[in-house]
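Participant: Quick one: the structure is below, questions incoming.
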Amino acid sequence: MIAEQKMACPSCNSDIFFSIPLLIAGASFTCTHCSAHVKLAGSSAPDVKASYDKYLELKKNALAKN
Amino acid sequence: MENNNQNYSHQALSIEKLMAAPFIAAADANAKMAREQAKFLMDTCFEQNGDSFRPKMVSLSMTRSSANNGGKEDTLQFELPLITIIPFNSLCITDMSMKFDMEIVAYTGSNATPEKDDQGKEKCTLHGNISYDSKENGAASKRRQSKMSVEINGGTIPLPPGLTTLIDFYSKNIKTS
């Protein structure tokens with residue numbers, strides 16, 4: 001299951017729902033109000049992926065220790 | 001008989017200590033996880049500059065139709081803090097249960113010389129060992145196989161209000177450049 005997150009649309013401040021795995025994969029997400037599309041810039045994708053992988057590893061280790 | 005009890009009482013713990021031990025271990029584990037998450041947060045999502053920390057930013061692009069541009073699509077770049085897109089949760093031990101049989105091997109306080117607590121009530125402290133599993137066979141190995149079963153479940157809880165406020169503050173201040 002992919003947890004949905006949201007960010008504020010820079011154009012109209014409404015919610016843009018997104019999932020980080022898809023964002024990293026290059027998908028674009030649409031504002032619920034103004035239909036603007038947002039996507040991760042290619043230059044930031046490796047950094048976000050590395051951070052997200054690190055977070056998943058931390059989560060996996062923490063739950064495994066339990 | 002009394003000598004045997006005294007021998008065991010050297011290894012015995014009070015009931016309070018026996019029951020507290022798993023809870024203290026769980027609290028320590030939770031504290032360790034909280035420290036690791038805080039370290040991850042600071043190492044991954046912030047850049048240190050002397051005594052201050054700046055959020056690491058990631059770039060995104062936004063495409064929208066513009067009425068001012070004859071309906072053509074504009075593409076704008078904007079940045080937002082990494083912390084706002086990593087799906088943080090507080091990881092912790094959410095529930096815990098323990099089960100053990102206790103073998104009482106000593107106690108302090110007696111009818112002859114009763115100890116009294118602060119309210120003047122007679123106090124008796126039991127000391128014991130975790131007992132063997134009564135369902136198991138093999139008397140010789142029973143004392144070496146004392147068992148306490150502790151079941152814990154990990155999960156997530158809402159983020160601390162301070163961190164939620166910080167993420168909310170960042171999220172509401174996204175601006176295009």
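Chain lettering (A, B, ...) mirrors the order of the structure tokens, residue numbering begins at 1 for each chain separately, and ligand numbering begins at 1 in order of display.
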For region 30-46 of chain A, work out the shell of residues within 12 Å, counting only C-alpha atoms and skipping chain neighbours fewer than 3 positions away, then give it as an NGL selection string.
Facilitator: (:A and (6-27 or 49-53)) or (:B and (56-66 or 73-82 or 85 or 176))
Participant: Write the residues you've just listed into a file as a PDB file, in the first residue's frame, and include C-alpha atoms for each of them.
Facilitator:
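Writing the result to again-v5.pdb gives the following:
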ATOM      1  CA  LYS A   6      -0.116  16.004   0.349  1.00  0.00           C
ATOM      2  CA  MET A   7       1.611  19.269  -0.326  1.00  0.00           C
ATOM      3  CA  ALA A   8       0.219  22.741  -0.834  1.00  0.00           C
ATOM      4  CA  CYS A   9      -0.125  23.818  -4.438  1.00  0.00           C
ATOM      5  CA  PRO A  10       2.265  26.739  -5.069  1.00  0.00           C
ATOM      6  CA  SER A  11      -0.323  28.257  -7.375  1.00  0.00           C
ATOM      7  CA  CYS A  12      -3.585  28.150  -5.406  1.00  0.00           C
ATOM      8  CA  ASN A  13      -2.602  26.616  -2.039  1.00  0.00           C
ATOM      9  CA  SER A  14      -5.009  23.705  -2.414  1.00  0.00           C
ATOM     10  CA  ASP A  15      -3.924  20.152  -1.714  1.00  0.00           C
ATOM     11  CA  ILE A  16      -1.869  18.115  -4.123  1.00  0.00           C
ATOM     12  CA  PHE A  17      -1.902  14.455  -3.133  1.00  0.00           C
ATOM     13  CA  PHE A  18       1.146  12.434  -4.023  1.00  0.00           C
ATOM     14  CA  SER A  19       3.041   9.293  -3.162  1.00  0.00           C
ATOM     15  CA  ILE A  20       6.757   9.547  -2.734  1.00  0.00           C
ATOM     16  CA  PRO A  21       7.688   6.316  -4.590  1.00  0.00           C
ATOM     17  CA  LEU A  22       5.786   7.532  -7.639  1.00  0.00           C
ATOM     18  CA  LEU A  23       7.193  11.027  -7.269  1.00  0.00           C
ATOM     19  CA  ILE A  24      10.706   9.558  -7.277  1.00  0.00           C
ATOM     20  CA  ALA A  25       9.790   7.445 -10.301  1.00  0.00           C
ATOM     21  CA  GLY A  26       8.983  10.622 -12.218  1.00  0.00           C
ATOM     22  CA  ALA A  27       5.190  10.752 -12.005  1.00  0.00           C
ATOM     23  CA  LYS A  49      15.492   8.558  -3.419  1.00  0.00           C
ATOM     24  CA  ALA A  50      18.569   8.189  -1.187  1.00  0.00           C
ATOM     25  CA  SER A  51      16.810   9.871   1.732  1.00  0.00           C
ATOM     26  CA  TYR A  52      13.644   7.840   1.278  1.00  0.00           C
ATOM     27  CA  ASP A  53      15.605   4.574   1.064  1.00  0.00           C
TER      28      ASP A  53
ATOM     29  CA  LYS B  56      17.676  20.649   2.619  1.00  0.00           C
ATOM     30  CA  MET B  57      15.597  21.720  -0.355  1.00  0.00           C
ATOM     31  CA  VAL B  58      14.445  19.699  -3.324  1.00  0.00           C
ATOM     32  CA  SER B  59      13.406  21.103  -6.676  1.00  0.00           C
ATOM     33  CA  LEU B  60      10.077  20.470  -8.317  1.00  0.00           C
ATOM     34  CA  SER B  61       8.500  21.798 -11.448  1.00  0.00           C
ATOM     35  CA  MET B  62       4.920  22.896 -11.881  1.00  0.00           C
ATOM     36  CA  THR B  63       3.068  23.069 -15.172  1.00  0.00           C
ATOM     37  CA  ARG B  64      -0.192  24.978 -15.459  1.00  0.00           C
ATOM     38  CA  SER B  65      -2.323  26.594 -18.109  1.00  0.00           C
ATOM     39  CA  SER B  66      -2.018  30.339 -18.144  1.00  0.00           C
ATOM     40  CA  GLU B  73       1.211  25.954 -20.461  1.00  0.00           C
ATOM     41  CA  ASP B  74       3.743  27.634 -18.177  1.00  0.00           C
ATOM     42  CA  THR B  75       6.361  25.662 -16.347  1.00  0.00           C
ATOM     43  CA  LEU B  76       7.678  27.060 -13.091  1.00  0.00           C
ATOM     44  CA  GLN B  77      10.357  25.777 -10.783  1.00  0.00           C
ATOM     45  CA  PHE B  78       9.904  25.743  -7.029  1.00  0.00           C
ATOM     46  CA  GLU B  79      11.690  24.283  -4.065  1.00  0.00           C
ATOM     47  CA  LEU B  80      10.390  22.730  -0.917  1.00  0.00           C
ATOM     48  CA  PRO B  81      12.095  21.253   2.109  1.00  0.00           C
ATOM     49  CA  LEU B  82      12.861  17.555   1.905  1.00  0.00           C
ATOM     50  CA  ILE B  85       7.870  15.019   1.447  1.00  0.00           C
ATOM     51  CA  THR B 176       7.338  29.510  -6.921  1.00  0.00           C
TER      52      THR B 176
END
Participant: Let's see if you can do this: from backbone DSSP, list all strand (DSSP E) residues in chain A, as a PyMOL selection string.
Facilitator: chain A and resi 5-8+15-18+28-30+37-40
Participant: Measuring atom to atom with only C-alpha atoms, identify which of B:Leu13, B:Ala31, B:Met19, B:Ile152 is nearest to chain A.
Facilitator: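 Result for the nearest residue to chain A: B:Ile152.
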Participant: I need the residues in chain A that are helix (DSSP H, G or I) according to DSSP; give them as a list in words.
Facilitator: Ile20, Pro21, Leu22, Leu23, Ile24, Ala25, Ala45, Pro46, Asp47, Val48, Lys49, Ala50, Ser51, Tyr52, Asp53, Lys54, Tyr55, Leu56, Glu57, Leu58, Lys59, Lys60, Asn61, Ala62, Leu63, Ala64 and Lys65 of chain A
Participant: Which residues are close to Ser149 (chain B), i.e. within 9 Å by only C-alpha atoms, leaving aside same-chain residues fewer than 5 positions away? Reply as a PyMOL selection string.
Facilitator: chain B and resi 97-100
Participant: Using only C-alpha atoms, determine which residues lie at most 9 Å from Asn30 (chain B), disregarding the query and same-chain residues fewer than 6 positions distant; provide the list as a short mmCIF file (atom, residue, chain, number, x, y, z; two decimals) with N, CA and C atoms, in the first residue's frame.
Facilitator:
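New file result10.cif:
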data_model
loop_
_atom_site.label_atom_id
_atom_site.label_comp_id
_atom_site.auth_asym_id
_atom_site.auth_seq_id
_atom_site.Cartn_x
_atom_site.Cartn_y
_atom_site.Cartn_z
N LEU B 91 8.17 5.97 15.15
CA LEU B 91 8.18 4.52 15.32
C LEU B 91 8.39 4.21 16.79
N CYS B 92 7.63 3.29 17.30
CA CYS B 92 7.81 2.95 18.71
C CYS B 92 7.13 1.62 19.03
N ILE B 93 7.37 1.15 20.24
CA ILE B 93 6.66 -0.03 20.73
C ILE B 93 5.28 0.45 21.15
#
Participant: Determine the nearest neighbour of Gly154 (chain B) from the options A:Glu4, A:Lys54, A:Phe29, A:Lys59, counting only C-alpha atoms.
Facilitator: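 Among A:Glu4, A:Lys54, A:Phe29, A:Lys59, it is A:Lys59 that comes nearest to Gly154 (chain B).
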Participant: Would you mind reading off the distance between CA of Met96 (chain B) and CA of Thr156 (chain B), one decimal, in Å?
Facilitator: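 The value is 14.1 Å.
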Participant: For chain A, which residue out of B:Ser14, B:Thr125, B:Ser52, B:Ser171 is the nearest one, using only C-alpha atoms?
Facilitator: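 Smallest separation from chain A among the options: B:Ser171.
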Participant: Between CA of Tyr55 (chain A) and CA of Glu47 (chain B), what is the distance in Å, rounded to a tenth?
Facilitator: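 Spanning CA of Tyr55 (chain A) to CA of Glu47 (chain B) is a straight-line distance of 16.9 Å.
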Participant: Work out how far apart CA of Gly128 (chain B) and CA of Leu18 (chain B) are and give it in Å to one decimal.
Facilitator: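 Answer for the CA of Gly128 (chain B) to CA of Leu18 (chain B) separation: 8.5 Å.
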